[in-house]
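Colleague: Can you keep this structure in mind? I'll have questions shortly.
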Amino acid sequence: MNKLILANFKSNKSVVNTNLWFEKFLKNVDTSVLNKLDVSVAPSFVALTMVKKLVDESGKNVTLSIQDISSFPAGSYTGAISGQNLSGLKIKYAIVGHSERRKYFGETSHDVALKVGQSLQNGTTPVLCVDTEYLDEQLGLIDREELEKCVVAYEPISAIGNGKNADVGTVREVKEKIKRIAGNVPVIYGGSVDEFNINEYLMVSDGVLVGTACLDADQFIRVLEVVS
Ligand code: PGA
């Protein structure tokens with residue numbers, strides 16, 4: 001498996017700015033760099049349709065992902081974005097249970113387990129975010145069969161968005177723990193990953209989630225280019 005590099009725009013950027021980012025990124029990123037990795041970008045939902053066109057036209061090896069998915073199927077759930085809403089967009093990964101969803105939107109491990117199910121039912125691989133405090137609870141709430149189809153992201157809350165990236169040894173230990181519980185699933189790391197530290201994390205994991213360091217297209221290209 002190629003290393004997964006998943007860029008999360010969070011709720012940054014207008015549709016216009018998201019398009020500008022993709023235009024610049026797709027024009028300047030080296031095809032050979034993309035081909036040795038699994039690069040996916042999660043912009044806001046409202047930009048997905050426009051951005052998909054740019055990505056398809058470029059023919060470059062980049063996929064689209066989403067930052068969340070409804071815990072419910074299609075139906076009377078005002079404001080929710082269901083898997084069905086997204087069909088046809090070829091979404092590769094759905095980030096589920098990000099700590100910001102837990103903190104600001106009150107998401108529980110139970111909600112997240114439902115999101116894993118919705119994501120899989122719609123042919124999208126869940127990237128299940130966990131921190132050590134609720135790792136056991138979260139993994140325990142997901143059927144083994146579903147868990148084996150997930151990517152698990154170790155995302156220590158203390159390392160997100162603040163430049164205080166986690167100790168690499170700890171990332172290795174947590175990865176081993178996740179694999180003991182969930183089986184041989186891909187485990188990625190997220191938290192202040194940038195072009196200076198990415199290689200350390202890729203040595204002990206199957207990929208990374210990148211927030212801040214992906215917001216500028218040139219910086220994100222540098223992050224990809226340094227991967228050795
Ligand atoms: P960060 O965000 O790179 O800004 O720390 C990572 C994340 O939230 O996944």
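Letters A, B, ... mark the chains of the structure tokens in the order given; residue numbers begin at 1 per chain; ligand numbers begin at 1, in order shown.
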Taking only C-alpha atoms and all ligand atoms into account, which residues have an atom no farther than 9 Å from ligand 1? I'd like them as an MDAnalysis selection string.

Modeller: chainID A and resid 6:10 98:100 129 153 155 157 159:165 189:194 208:214

Colleague: Residues at most 10 Å from Val116 in chain A, counting only C-alpha atoms, excluding those fewer than 6 positions away in the same chain, as a ChimeraX atom specification?

Modeller: /A:69-71,94-97,124-128,142-143,146-147,149-150

Colleague: Restricting it to N, CA, C and O atoms, dump the selection as a PDB file, in the first residue's frame.

Modeller:
ATOM      1  N   ILE A  69     -19.551  12.573   7.581  1.00  0.00           N
ATOM      2  CA  ILE A  69     -20.681  12.005   6.840  1.00  0.00           C
ATOM      3  C   ILE A  69     -21.825  11.861   7.837  1.00  0.00           C
ATOM      4  O   ILE A  69     -21.575  11.695   9.052  1.00  0.00           O
ATOM      5  N   SER A  70     -23.048  11.928   7.372  1.00  0.00           N
ATOM      6  CA  SER A  70     -24.171  11.767   8.292  1.00  0.00           C
ATOM      7  C   SER A  70     -24.161  10.376   8.920  1.00  0.00           C
ATOM      8  O   SER A  70     -23.780   9.400   8.287  1.00  0.00           O
ATOM      9  N   SER A  71     -24.634  10.318  10.163  1.00  0.00           N
ATOM     10  CA  SER A  71     -24.748   9.007  10.805  1.00  0.00           C
ATOM     11  C   SER A  71     -26.035   8.312  10.360  1.00  0.00           C
ATOM     12  O   SER A  71     -26.276   7.167  10.703  1.00  0.00           O
ATOM     13  N   ALA A  94     -13.685   8.992   4.028  1.00  0.00           N
ATOM     14  CA  ALA A  94     -14.505   9.870   4.872  1.00  0.00           C
ATOM     15  C   ALA A  94     -13.832   9.953   6.236  1.00  0.00           C
ATOM     16  O   ALA A  94     -13.679   8.926   6.913  1.00  0.00           O
ATOM     17  N   ILE A  95     -13.404  11.143   6.600  1.00  0.00           N
ATOM     18  CA  ILE A  95     -12.852  11.334   7.945  1.00  0.00           C
ATOM     19  C   ILE A  95     -14.040  11.244   8.908  1.00  0.00           C
ATOM     20  O   ILE A  95     -15.036  11.959   8.732  1.00  0.00           O
ATOM     21  N   VAL A  96     -13.965  10.356   9.867  1.00  0.00           N
ATOM     22  CA  VAL A  96     -15.069  10.255  10.835  1.00  0.00           C
ATOM     23  C   VAL A  96     -14.530  10.356  12.264  1.00  0.00           C
ATOM     24  O   VAL A  96     -13.459   9.849  12.576  1.00  0.00           O
ATOM     25  N   GLY A  97     -15.306  11.064  13.085  1.00  0.00           N
ATOM     26  CA  GLY A  97     -14.940  11.171  14.493  1.00  0.00           C
ATOM     27  C   GLY A  97     -13.750  12.064  14.761  1.00  0.00           C
ATOM     28  O   GLY A  97     -13.045  11.880  15.773  1.00  0.00           O
ATOM     29  N   THR A 124     -17.238   4.234   0.607  1.00  0.00           N
ATOM     30  CA  THR A 124     -16.171   5.159   0.995  1.00  0.00           C
ATOM     31  C   THR A 124     -15.446   4.582   2.218  1.00  0.00           C
ATOM     32  O   THR A 124     -16.094   4.112   3.153  1.00  0.00           O
ATOM     33  N   THR A 125     -14.132   4.614   2.187  1.00  0.00           N
ATOM     34  CA  THR A 125     -13.363   4.066   3.315  1.00  0.00           C
ATOM     35  C   THR A 125     -13.339   5.059   4.473  1.00  0.00           C
ATOM     36  O   THR A 125     -12.899   6.197   4.304  1.00  0.00           O
ATOM     37  N   PRO A 126     -13.803   4.644   5.661  1.00  0.00           N
ATOM     38  CA  PRO A 126     -13.748   5.562   6.802  1.00  0.00           C
ATOM     39  C   PRO A 126     -12.314   5.728   7.307  1.00  0.00           C
ATOM     40  O   PRO A 126     -11.568   4.747   7.392  1.00  0.00           O
ATOM     41  N   VAL A 127     -11.957   6.953   7.609  1.00  0.00           N
ATOM     42  CA  VAL A 127     -10.701   7.219   8.318  1.00  0.00           C
ATOM     43  C   VAL A 127     -11.132   7.593   9.733  1.00  0.00           C
ATOM     44  O   VAL A 127     -11.596   8.709   9.986  1.00  0.00           O
ATOM     45  N   LEU A 128     -11.027   6.621  10.593  1.00  0.00           N
ATOM     46  CA  LEU A 128     -11.584   6.710  11.934  1.00  0.00           C
ATOM     47  C   LEU A 128     -10.569   7.351  12.873  1.00  0.00           C
ATOM     48  O   LEU A 128      -9.518   6.770  13.151  1.00  0.00           O
ATOM     49  N   ILE A 142     -17.450  -0.714  17.232  1.00  0.00           N
ATOM     50  CA  ILE A 142     -17.559  -0.979  15.789  1.00  0.00           C
ATOM     51  C   ILE A 142     -17.403  -2.477  15.527  1.00  0.00           C
ATOM     52  O   ILE A 142     -16.499  -3.118  16.082  1.00  0.00           O
ATOM     53  N   ASP A 143     -18.302  -3.009  14.689  1.00  0.00           N
ATOM     54  CA  ASP A 143     -18.221  -4.443  14.362  1.00  0.00           C
ATOM     55  C   ASP A 143     -16.860  -4.754  13.771  1.00  0.00           C
ATOM     56  O   ASP A 143     -16.343  -3.991  12.962  1.00  0.00           O
ATOM     57  N   GLU A 146     -16.516  -4.413  10.089  1.00  0.00           N
ATOM     58  CA  GLU A 146     -16.430  -3.020   9.619  1.00  0.00           C
ATOM     59  C   GLU A 146     -15.064  -2.417   9.958  1.00  0.00           C
ATOM     60  O   GLU A 146     -14.463  -1.713   9.147  1.00  0.00           O
ATOM     61  N   LEU A 147     -14.623  -2.730  11.147  1.00  0.00           N
ATOM     62  CA  LEU A 147     -13.337  -2.184  11.611  1.00  0.00           C
ATOM     63  C   LEU A 147     -12.201  -2.564  10.664  1.00  0.00           C
ATOM     64  O   LEU A 147     -11.315  -1.756  10.363  1.00  0.00           O
ATOM     65  N   LYS A 149     -12.238  -2.779   7.660  1.00  0.00           N
ATOM     66  CA  LYS A 149     -12.272  -2.024   6.391  1.00  0.00           C
ATOM     67  C   LYS A 149     -11.908  -0.550   6.595  1.00  0.00           C
ATOM     68  O   LYS A 149     -11.968   0.243   5.656  1.00  0.00           O
ATOM     69  N   CYS A 150     -11.590  -0.187   7.831  1.00  0.00           N
ATOM     70  CA  CYS A 150     -11.277   1.223   8.130  1.00  0.00           C
ATOM     71  C   CYS A 150      -9.777   1.490   8.017  1.00  0.00           C
ATOM     72  O   CYS A 150      -8.953   0.584   8.107  1.00  0.00           O
TER      73      CYS A 150
END

Colleague: Just the residues within 12 Å of Ile181 in chain A, please, counting only C-alpha atoms, with nothing from its chain fewer than 4 positions along; format it as a PyMOL selection string.

Modeller: chain A and resi 135-144+147-148+152+174-177+185+187

Colleague: Report, in Å to a single decimal, how far apart CA of Ile81 in chain A and CA of Asp56 in chain A are.

Modeller: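 Taking CA of Asp56 in chain A and CA of Ile81 in chain A, their separation equals 22.7 Å.
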
Colleague: Rounded to one decimal, what separation in Å do you get between CA of Tyr154 in chain A and CA of Ile188 in chain A?

Modeller: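 Interatomic distance here is 6.2 Å.
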
Colleague: Counting only C-alpha atoms, which of A:Leu215, A:Ile178, A:Ile66, A:Leu37 gets nearest to Met1 in chain A?

Modeller: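 Of the candidates, the smallest distance to Met1 in chain A is held by A:Leu37.
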
Colleague: So that I can check the surroundings of range 47-54 of chain A, please list as a ChimeraX atom specification every protein, DNA and RNA residue that reaches within 7 Å of it, counting only C-alpha atoms and ignoring chain neighbours fewer than 2 positions away.

Modeller: /A:15,18-19,43-45,56-58

Colleague: Between CA of Phe220 in chain A and CA of Phe25 in chain A, what is the distance, to one decimal in Å?

Modeller: 8.3 Å

Colleague: Just the strand (DSSP E) stuff from range 14-199 of chain A, please, per backbone DSSP, written as a ChimeraX atom specification.

Modeller: /A:37-42,62-66,91-96,125-130,151-154,187-190

Colleague: Would you save the residues from that selection as a short mmCIF file (atom, residue, chain, number, x, y, z; two decimals), in the first residue's frame, using N, CA, C and O atoms?

Modeller:
data_model
loop_
_atom_site.label_atom_id
_atom_site.label_comp_id
_atom_site.auth_asym_id
_atom_site.auth_seq_id
_atom_site.Cartn_x
_atom_site.Cartn_y
_atom_site.Cartn_z
N LEU A 37 2.46 7.82 -4.02
CA LEU A 37 1.71 8.01 -2.77
C LEU A 37 0.22 7.79 -3.03
O LEU A 37 -0.19 7.59 -4.18
N ASP A 38 -0.57 7.85 -1.95
CA ASP A 38 -2.03 7.84 -2.08
C ASP A 38 -2.47 9.20 -1.54
O ASP A 38 -2.63 9.38 -0.34
N VAL A 39 -2.60 10.17 -2.45
CA VAL A 39 -2.89 11.55 -2.02
C VAL A 39 -4.38 11.83 -2.18
O VAL A 39 -4.95 11.63 -3.26
N SER A 40 -4.98 12.29 -1.10
CA SER A 40 -6.40 12.59 -1.15
C SER A 40 -6.64 13.92 -0.42
O SER A 40 -5.95 14.23 0.55
N VAL A 41 -7.61 14.69 -0.92
CA VAL A 41 -7.86 16.01 -0.34
C VAL A 41 -9.33 16.11 0.06
O VAL A 41 -10.22 15.75 -0.71
N ALA A 42 -9.56 16.62 1.27
CA ALA A 42 -10.92 16.79 1.78
C ALA A 42 -11.23 18.28 1.90
O ALA A 42 -10.95 18.91 2.92
N VAL A 62 -4.93 12.03 -7.84
CA VAL A 62 -5.38 12.64 -6.57
C VAL A 62 -6.84 12.27 -6.42
O VAL A 62 -7.58 12.29 -7.40
N THR A 63 -7.26 11.95 -5.20
CA THR A 63 -8.68 11.64 -5.01
C THR A 63 -9.30 12.65 -4.05
O THR A 63 -8.59 13.40 -3.37
N LEU A 64 -10.62 12.61 -3.99
CA LEU A 64 -11.34 13.51 -3.08
C LEU A 64 -11.84 12.74 -1.86
O LEU A 64 -12.21 11.56 -1.97
N SER A 65 -11.84 13.43 -0.74
CA SER A 65 -12.34 12.84 0.49
C SER A 65 -13.29 13.83 1.15
O SER A 65 -13.39 14.98 0.72
N ILE A 66 -13.97 13.35 2.18
CA ILE A 66 -14.89 14.24 2.92
C ILE A 66 -14.48 14.28 4.39
O ILE A 66 -13.81 13.37 4.88
N ILE A 91 -15.96 9.55 -3.85
CA ILE A 91 -15.25 9.95 -2.64
C ILE A 91 -14.47 8.74 -2.11
O ILE A 91 -15.04 7.68 -1.87
N LYS A 92 -13.16 8.91 -1.91
CA LYS A 92 -12.36 7.76 -1.49
C LYS A 92 -12.40 7.54 0.03
O LYS A 92 -12.57 6.43 0.48
N TYR A 93 -12.18 8.61 0.79
CA TYR A 93 -12.14 8.47 2.25
C TYR A 93 -13.13 9.43 2.91
O TYR A 93 -13.33 10.55 2.44
N ALA A 94 -13.69 8.99 4.03
CA ALA A 94 -14.50 9.87 4.87
C ALA A 94 -13.83 9.95 6.24
O ALA A 94 -13.68 8.93 6.91
N ILE A 95 -13.40 11.14 6.60
CA ILE A 95 -12.85 11.33 7.94
C ILE A 95 -14.04 11.24 8.91
O ILE A 95 -15.04 11.96 8.73
N VAL A 96 -13.97 10.36 9.87
CA VAL A 96 -15.07 10.26 10.84
C VAL A 96 -14.53 10.36 12.26
O VAL A 96 -13.46 9.85 12.58
N THR A 125 -14.13 4.61 2.19
CA THR A 125 -13.36 4.07 3.32
C THR A 125 -13.34 5.06 4.47
O THR A 125 -12.90 6.20 4.30
N PRO A 126 -13.80 4.64 5.66
CA PRO A 126 -13.75 5.56 6.80
C PRO A 126 -12.31 5.73 7.31
O PRO A 126 -11.57 4.75 7.39
N VAL A 127 -11.96 6.95 7.61
CA VAL A 127 -10.70 7.22 8.32
C VAL A 127 -11.13 7.59 9.73
O VAL A 127 -11.60 8.71 9.99
N LEU A 128 -11.03 6.62 10.59
CA LEU A 128 -11.58 6.71 11.93
C LEU A 128 -10.57 7.35 12.87
O LEU A 128 -9.52 6.77 13.15
N CYS A 129 -10.89 8.57 13.35
CA CYS A 129 -9.94 9.30 14.18
C CYS A 129 -10.10 8.93 15.66
O CYS A 129 -11.22 8.92 16.17
N VAL A 130 -8.99 8.68 16.31
CA VAL A 130 -9.03 8.35 17.74
C VAL A 130 -7.88 9.01 18.49
O VAL A 130 -6.82 9.26 17.93
N VAL A 151 -9.46 2.77 7.85
CA VAL A 151 -8.12 3.27 8.17
C VAL A 151 -8.30 3.90 9.53
O VAL A 151 -9.29 4.60 9.77
N VAL A 152 -7.39 3.66 10.47
CA VAL A 152 -7.50 4.31 11.77
C VAL A 152 -6.46 5.42 11.86
O VAL A 152 -5.28 5.22 11.50
N ALA A 153 -6.90 6.61 12.27
CA ALA A 153 -5.99 7.75 12.40
C ALA A 153 -5.77 8.05 13.88
O ALA A 153 -6.73 8.37 14.60
N TYR A 154 -4.52 7.94 14.31
CA TYR A 154 -4.19 8.35 15.67
C TYR A 154 -3.96 9.85 15.64
O TYR A 154 -3.02 10.34 15.01
N VAL A 187 -2.78 2.29 9.79
CA VAL A 187 -2.85 3.28 10.87
C VAL A 187 -2.05 4.51 10.45
O VAL A 187 -0.87 4.38 10.06
N ILE A 188 -2.70 5.67 10.48
CA ILE A 188 -2.01 6.90 10.10
C ILE A 188 -1.94 7.83 11.31
O ILE A 188 -2.63 7.62 12.30
N TYR A 189 -1.11 8.86 11.18
CA TYR A 189 -0.95 9.82 12.28
C TYR A 189 -1.36 11.21 11.81
O TYR A 189 -1.09 11.59 10.67
N GLY A 190 -1.99 11.98 12.69
CA GLY A 190 -2.30 13.38 12.38
C GLY A 190 -2.05 14.27 13.58
O GLY A 190 -2.34 13.89 14.72
#
